[in-house]
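This report refers to the structure that appears directly beneath it.
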Amino acid sequence: MEEIKIKMKKHMDLFFMGDLHFPRGKYNLFKQEINKISKQPDSYFIGMGDWVEGILPGDKRYNPEETAFMIKKYGTLVNMISEQYHYIEDALQLLADNNQIIGIHNGNHERPGIRNASVNELRRICDRFNTKYLGEGCAIITLQNSHDINILTAHGIGGGILPGFAYNNLDKHSNVIDGIDIIAEGHTHKLGVDISEDHLKHGKGKFKHRTQWRCSCGSFLGNYDLGYSSYAELKMYRPLPLGYVRVTIEDFKIKNDGVVAIPV
């Protein structure tokens, strides 16, 4: 588990973004949003994993017709995983140049290259960016001031299709570590924030509420496009919302959470 401690600013915007799944995902849309964030002061990016598809022949999701379509679309050999990572690095370079990246998770789509070839391109990208590589497991990010804000992030696990799966997972994982104010996960591609008041502290004749923000961080995938049939289409998965989660800190407190849903 990785740990990051950051001095909290009076105002901060935190952007939890991931599940691009390049080249299948909406790469230009992702770059558009990254460009917007790069121009906003005191804005910081936490990467939630699954940046590349990383699917090779032999994987049940591999489709040579889809691969051919992507090569034609991008005009380069995006079936080469090294080329896929090149696009990810290019997309995030603006934020790295501005020191706006807190850390970057990998995900289960990065895992095969790490497991089978002991090659971790995302760690190398983080080294070049001089930013924290968060791995596929959990990370604790603490914004420090007179009172701390504790954030638990992870790429996420499981294979549920319906929206309830994502929020049940967040509910289950929220109690792993005490004192977490924000928990954020990717992987499920669901987009939304659940506000919880599960934890009450009793003292001085009254209850004090502790609010927890549980964030399902969306994706840039979509699932359906004209011109080819994806694995998701063949499985008749639901269309996916595109977007990410923004959490705003104001006066050293969590002021609000925002779901940034991107119309296409």
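Following the order of the structure tokens, chains are lettered A, B, ..., residues in each are numbered from 1, and ligands are numbered from 1.
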Find the residues near Val176 of chain A: any atom within 12 Å, counting only C-alpha atoms, skip ones fewer than 3 places away on the same chain, and give them as a PDB file with N, CA and C atoms, in the first residue's frame.
```pdb
ATOM      1  N   CYS A 138      -4.093  -0.533  -3.033  1.00  0.00           N
ATOM      2  CA  CYS A 138      -4.638   0.673  -2.406  1.00  0.00           C
ATOM      3  C   CYS A 138      -3.552   1.724  -2.192  1.00  0.00           C
ATOM      4  N   ILE A 140      -3.168   5.465   0.267  1.00  0.00           N
ATOM      5  CA  ILE A 140      -3.735   6.429   1.215  1.00  0.00           C
ATOM      6  C   ILE A 140      -3.115   7.777   0.920  1.00  0.00           C
ATOM      7  N   LEU A 152      -8.749   7.201   0.439  1.00  0.00           N
ATOM      8  CA  LEU A 152      -8.348   5.847   0.076  1.00  0.00           C
ATOM      9  C   LEU A 152      -8.690   5.621  -1.390  1.00  0.00           C
ATOM     10  N   THR A 153      -7.696   5.277  -2.196  1.00  0.00           N
ATOM     11  CA  THR A 153      -7.924   5.033  -3.618  1.00  0.00           C
ATOM     12  C   THR A 153      -7.456   3.629  -3.995  1.00  0.00           C
ATOM     13  N   ASN A 169     -19.521  -2.510  -3.420  1.00  0.00           N
ATOM     14  CA  ASN A 169     -18.088  -2.684  -3.238  1.00  0.00           C
ATOM     15  C   ASN A 169     -17.489  -1.539  -2.426  1.00  0.00           C
ATOM     16  N   LEU A 170     -17.873  -0.311  -2.778  1.00  0.00           N
ATOM     17  CA  LEU A 170     -17.374   0.848  -2.038  1.00  0.00           C
ATOM     18  C   LEU A 170     -17.792   0.785  -0.577  1.00  0.00           C
ATOM     19  N   ASP A 171     -19.032   0.376  -0.332  1.00  0.00           N
ATOM     20  CA  ASP A 171     -19.506   0.240   1.043  1.00  0.00           C
ATOM     21  C   ASP A 171     -18.671  -0.789   1.805  1.00  0.00           C
ATOM     22  N   LYS A 172     -18.398  -1.902   1.165  1.00  0.00           N
ATOM     23  CA  LYS A 172     -17.614  -2.971   1.803  1.00  0.00           C
ATOM     24  C   LYS A 172     -16.186  -2.519   2.081  1.00  0.00           C
ATOM     25  N   HIS A 173     -15.589  -1.827   1.114  1.00  0.00           N
ATOM     26  CA  HIS A 173     -14.187  -1.438   1.253  1.00  0.00           C
ATOM     27  C   HIS A 173     -14.003  -0.220   2.161  1.00  0.00           C
ATOM     28  N   GLY A 179     -11.223   6.036   9.612  1.00  0.00           N
ATOM     29  CA  GLY A 179     -10.945   7.457   9.446  1.00  0.00           C
ATOM     30  C   GLY A 179     -10.823   7.933   8.022  1.00  0.00           C
ATOM     31  N   ILE A 180     -11.398   7.197   7.069  1.00  0.00           N
ATOM     32  CA  ILE A 180     -11.318   7.592   5.657  1.00  0.00           C
ATOM     33  C   ILE A 180     -12.474   8.537   5.330  1.00  0.00           C
ATOM     34  N   ILE A 183     -13.371   7.675  -0.348  1.00  0.00           N
ATOM     35  CA  ILE A 183     -12.883   6.447  -0.966  1.00  0.00           C
ATOM     36  C   ILE A 183     -13.243   6.504  -2.440  1.00  0.00           C
TER      37      ILE A 183
END
```
(message) Please list as a ChimeraX atom specification every residue within 8 Å of Ser230 of chain A, counting only C-alpha atoms and excluding residues in the same chain fewer than 5 positions away.
(response) /A:63,66,223-224
Mind writing the picked residues with N, CA and C atoms as a PDB file, in the first residue's frame?
```pdb
ATOM      1  N   ASN A  63      -9.952  -9.413 -30.636  1.00  0.00           N
ATOM      2  CA  ASN A  63     -10.735  -9.443 -31.873  1.00  0.00           C
ATOM      3  C   ASN A  63      -9.897  -8.798 -32.974  1.00  0.00           C
ATOM      4  N   GLU A  66     -11.442  -5.763 -34.669  1.00  0.00           N
ATOM      5  CA  GLU A  66     -11.376  -4.548 -33.848  1.00  0.00           C
ATOM      6  C   GLU A  66      -9.968  -3.958 -33.886  1.00  0.00           C
ATOM      7  N   ASN A 223     -18.387   1.638 -24.661  1.00  0.00           N
ATOM      8  CA  ASN A 223     -18.780   0.271 -25.058  1.00  0.00           C
ATOM      9  C   ASN A 223     -19.264   0.122 -26.501  1.00  0.00           C
ATOM     10  N   TYR A 224     -19.904   1.134 -27.083  1.00  0.00           N
ATOM     11  CA  TYR A 224     -20.480   0.959 -28.419  1.00  0.00           C
ATOM     12  C   TYR A 224     -19.970   2.031 -29.371  1.00  0.00           C
TER      13      TYR A 224
END
```
If we count only C-alpha atoms and set the cut-off at 10 Å, which residues sit around Arg61 of chain A, ignoring sequence neighbours fewer than 4 positions away in its own chain? Please answer as a PDB file with N, CA and C atoms, in the first residue's frame.
```pdb
ATOM      1  N   GLU A  53      -5.632  -1.103 -23.237  1.00  0.00           N
ATOM      2  CA  GLU A  53      -6.324  -2.378 -23.332  1.00  0.00           C
ATOM      3  C   GLU A  53      -5.374  -3.531 -23.001  1.00  0.00           C
ATOM      4  N   ILE A  55      -4.494  -6.094 -24.566  1.00  0.00           N
ATOM      5  CA  ILE A  55      -5.035  -7.416 -24.896  1.00  0.00           C
ATOM      6  C   ILE A  55      -4.256  -8.013 -26.067  1.00  0.00           C
ATOM      7  N   LEU A  56      -3.811  -9.235 -25.888  1.00  0.00           N
ATOM      8  CA  LEU A  56      -2.997  -9.927 -26.881  1.00  0.00           C
ATOM      9  C   LEU A  56      -3.753 -11.115 -27.461  1.00  0.00           C
ATOM     10  N   PRO A  57      -3.335 -11.605 -28.638  1.00  0.00           N
ATOM     11  CA  PRO A  57      -3.938 -12.832 -29.166  1.00  0.00           C
ATOM     12  C   PRO A  57      -3.876 -13.948 -28.125  1.00  0.00           C
ATOM     13  N   SER A 230     -17.126  -4.522 -30.568  1.00  0.00           N
ATOM     14  CA  SER A 230     -16.229  -4.731 -29.435  1.00  0.00           C
ATOM     15  C   SER A 230     -16.649  -5.956 -28.635  1.00  0.00           C
ATOM     16  N   TYR A 231     -15.784  -6.371 -27.730  1.00  0.00           N
ATOM     17  CA  TYR A 231     -16.109  -7.473 -26.816  1.00  0.00           C
ATOM     18  C   TYR A 231     -17.351  -7.135 -25.997  1.00  0.00           C
ATOM     19  N   ALA A 232     -17.447  -5.874 -25.542  1.00  0.00           N
ATOM     20  CA  ALA A 232     -18.603  -5.454 -24.745  1.00  0.00           C
ATOM     21  C   ALA A 232     -19.896  -5.558 -25.545  1.00  0.00           C
ATOM     22  N   LEU A 234     -20.453  -7.628 -28.057  1.00  0.00           N
ATOM     23  CA  LEU A 234     -20.763  -9.048 -28.238  1.00  0.00           C
ATOM     24  C   LEU A 234     -21.400  -9.639 -26.987  1.00  0.00           C
TER      25      LEU A 234
END
```
(message) I want to know what sits within 6 Å of Thr142 of chain A, based on only C-alpha atoms, with residues of the same chain fewer than 3 positions away left out; could you give that as number ranges by chain?
(response) A: 5, 149-150
(request) Run DSSP on the backbone of this structure and report the residues of segment 63-192 of chain A it assigns to strand (DSSP E), as a ChimeraX atom specification. (result) /A:101-105,132-135,138-144,149-154,182-185,191-192
(request) Based on DSSP run over this structure's backbone, return all residues of segment 63-153 of chain A in alpha helix (DSSP H), as an MDAnalysis selection string. (result) chainID A and resid 64:74 81:97 111:117 121:129
So that I have them on file, write out the residues from the current selection with C-alpha atoms, as a PDB file, in the first residue's frame.
```pdb
ATOM      1  CA  PRO A  64      -8.521  -8.991 -34.974  1.00  0.00           C
ATOM      2  CA  GLU A  65     -11.267  -7.022 -36.733  1.00  0.00           C
ATOM      3  CA  GLU A  66     -11.376  -4.548 -33.848  1.00  0.00           C
ATOM      4  CA  THR A  67      -7.578  -4.353 -33.877  1.00  0.00           C
ATOM      5  CA  ALA A  68      -7.581  -3.603 -37.604  1.00  0.00           C
ATOM      6  CA  PHE A  69     -10.199  -0.884 -37.090  1.00  0.00           C
ATOM      7  CA  MET A  70      -8.099   0.786 -34.370  1.00  0.00           C
ATOM      8  CA  ILE A  71      -4.931   0.687 -36.465  1.00  0.00           C
ATOM      9  CA  LYS A  72      -6.821   2.346 -39.320  1.00  0.00           C
ATOM     10  CA  LYS A  73      -8.357   4.928 -36.965  1.00  0.00           C
ATOM     11  CA  TYR A  74      -5.100   6.024 -35.356  1.00  0.00           C
ATOM     12  CA  ILE A  81       1.207  -2.280 -26.190  1.00  0.00           C
ATOM     13  CA  SER A  82       4.324  -0.101 -26.140  1.00  0.00           C
ATOM     14  CA  GLU A  83       2.562   2.216 -28.599  1.00  0.00           C
ATOM     15  CA  GLN A  84      -0.512   2.306 -26.378  1.00  0.00           C
ATOM     16  CA  TYR A  85       1.600   3.510 -23.448  1.00  0.00           C
ATOM     17  CA  HIS A  86       3.176   6.162 -25.668  1.00  0.00           C
ATOM     18  CA  TYR A  87      -0.274   7.679 -26.172  1.00  0.00           C
ATOM     19  CA  ILE A  88      -0.986   7.617 -22.429  1.00  0.00           C
ATOM     20  CA  GLU A  89       2.262   9.401 -21.630  1.00  0.00           C
ATOM     21  CA  ASP A  90       1.538  12.021 -24.280  1.00  0.00           C
ATOM     22  CA  ALA A  91      -1.956  12.638 -22.882  1.00  0.00           C
ATOM     23  CA  LEU A  92      -0.738  13.171 -19.313  1.00  0.00           C
ATOM     24  CA  GLN A  93       2.398  15.176 -20.124  1.00  0.00           C
ATOM     25  CA  LEU A  94       0.640  18.544 -19.617  1.00  0.00           C
ATOM     26  CA  LEU A  95      -0.310  17.679 -16.043  1.00  0.00           C
ATOM     27  CA  ALA A  96       3.151  16.301 -15.306  1.00  0.00           C
ATOM     28  CA  ASP A  97       4.755  19.516 -16.559  1.00  0.00           C
ATOM     29  CA  ARG A 111      -1.474  -6.557 -15.058  1.00  0.00           C
ATOM     30  CA  PRO A 112      -0.797  -9.141 -17.837  1.00  0.00           C
ATOM     31  CA  GLY A 113       2.311  -7.341 -19.077  1.00  0.00           C
ATOM     32  CA  ILE A 114       3.630  -7.051 -15.531  1.00  0.00           C
ATOM     33  CA  ARG A 115       2.796 -10.636 -14.613  1.00  0.00           C
ATOM     34  CA  ASN A 116       3.778 -12.380 -17.847  1.00  0.00           C
ATOM     35  CA  ALA A 117       6.741 -10.295 -18.989  1.00  0.00           C
ATOM     36  CA  GLU A 121       5.683   0.619 -18.585  1.00  0.00           C
ATOM     37  CA  LEU A 122       3.441   2.674 -16.296  1.00  0.00           C
ATOM     38  CA  ARG A 123       6.059   2.693 -13.534  1.00  0.00           C
ATOM     39  CA  ARG A 124       8.586   3.976 -16.059  1.00  0.00           C
ATOM     40  CA  ILE A 125       6.186   6.739 -17.102  1.00  0.00           C
ATOM     41  CA  CYS A 126       5.731   7.722 -13.436  1.00  0.00           C
ATOM     42  CA  ASP A 127       9.512   7.819 -13.021  1.00  0.00           C
ATOM     43  CA  ARG A 128       9.838  10.145 -16.010  1.00  0.00           C
ATOM     44  CA  PHE A 129       7.025  12.309 -14.632  1.00  0.00           C
TER      45      PHE A 129
END
```
Cut-off 10 Å: closest segment 109-209 of chain A/segment 253-262 of chain A atom pairs per residue, using only C-alpha atoms, as a tab-separated table:
```
residue	atom	partner	partner_atom	distance
A:His147	CA	A:Lys253	CA	9.0
A:Asp148	CA	A:Lys253	CA	9.2
A:Ile149	CA	A:Lys253	CA	7.9
A:Asp181	CA	A:Ile254	CA	8.9
A:Ile182	CA	A:Ile254	CA	9.3
A:Leu191	CA	A:Val259	CA	7.2
A:Gly192	CA	A:Val259	CA	6.0
A:Val193	CA	A:Val259	CA	7.2
A:Asp194	CA	A:Asp257	CA	9.7
A:Ile195	CA	A:Asp257	CA	9.4
```
Hey, can you spit out that residue selection with N, CA and C atoms as an mmCIF file, in the first residue's frame?
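Writing the result to part-v4.cif gives the following:
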```
data_model
loop_
_atom_site.group_PDB
_atom_site.id
_atom_site.type_symbol
_atom_site.label_atom_id
_atom_site.label_comp_id
_atom_site.auth_asym_id
_atom_site.auth_seq_id
_atom_site.Cartn_x
_atom_site.Cartn_y
_atom_site.Cartn_z
ATOM 1 N N HIS A 147 -6.619 19.845 10.641
ATOM 2 C CA HIS A 147 -7.310 18.554 10.586
ATOM 3 C C HIS A 147 -7.020 17.953 9.213
ATOM 4 N N ASP A 148 -6.832 16.656 9.169
ATOM 5 C CA ASP A 148 -6.474 15.987 7.917
ATOM 6 C C ASP A 148 -7.722 15.532 7.168
ATOM 7 N N ILE A 149 -7.577 15.429 5.857
ATOM 8 C CA ILE A 149 -8.560 14.742 5.018
ATOM 9 C C ILE A 149 -7.879 13.496 4.466
ATOM 10 N N ASP A 181 -12.150 9.687 4.750
ATOM 11 C CA ASP A 181 -13.159 10.676 4.376
ATOM 12 C C ASP A 181 -13.651 10.496 2.941
ATOM 13 N N ILE A 182 -12.741 10.090 2.058
ATOM 14 C CA ILE A 182 -13.087 9.873 0.646
ATOM 15 C C ILE A 182 -12.534 8.512 0.235
ATOM 16 N N LEU A 191 -20.378 5.606 -12.805
ATOM 17 C CA LEU A 191 -20.034 6.995 -12.512
ATOM 18 C C LEU A 191 -21.020 7.561 -11.502
ATOM 19 N N GLY A 192 -20.515 7.945 -10.336
ATOM 20 C CA GLY A 192 -21.396 8.528 -9.329
ATOM 21 C C GLY A 192 -20.711 8.615 -7.982
ATOM 22 N N VAL A 193 -21.353 9.327 -7.061
ATOM 23 C CA VAL A 193 -20.850 9.494 -5.700
ATOM 24 C C VAL A 193 -21.973 9.199 -4.723
ATOM 25 N N ASP A 194 -21.686 8.353 -3.755
ATOM 26 C CA ASP A 194 -22.628 8.034 -2.688
ATOM 27 C C ASP A 194 -22.141 8.714 -1.412
ATOM 28 N N ILE A 195 -23.019 9.483 -0.770
ATOM 29 C CA ILE A 195 -22.674 10.160 0.476
ATOM 30 C C ILE A 195 -23.170 9.303 1.632
#
```
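Of the residues under consideration (A:Gly218, A:Gly164, A:Gly25, A:Pro241), A:Gly218 shows the shortest atom-to-atom contact distance to His189 of chain A when counting only C-alpha atoms.
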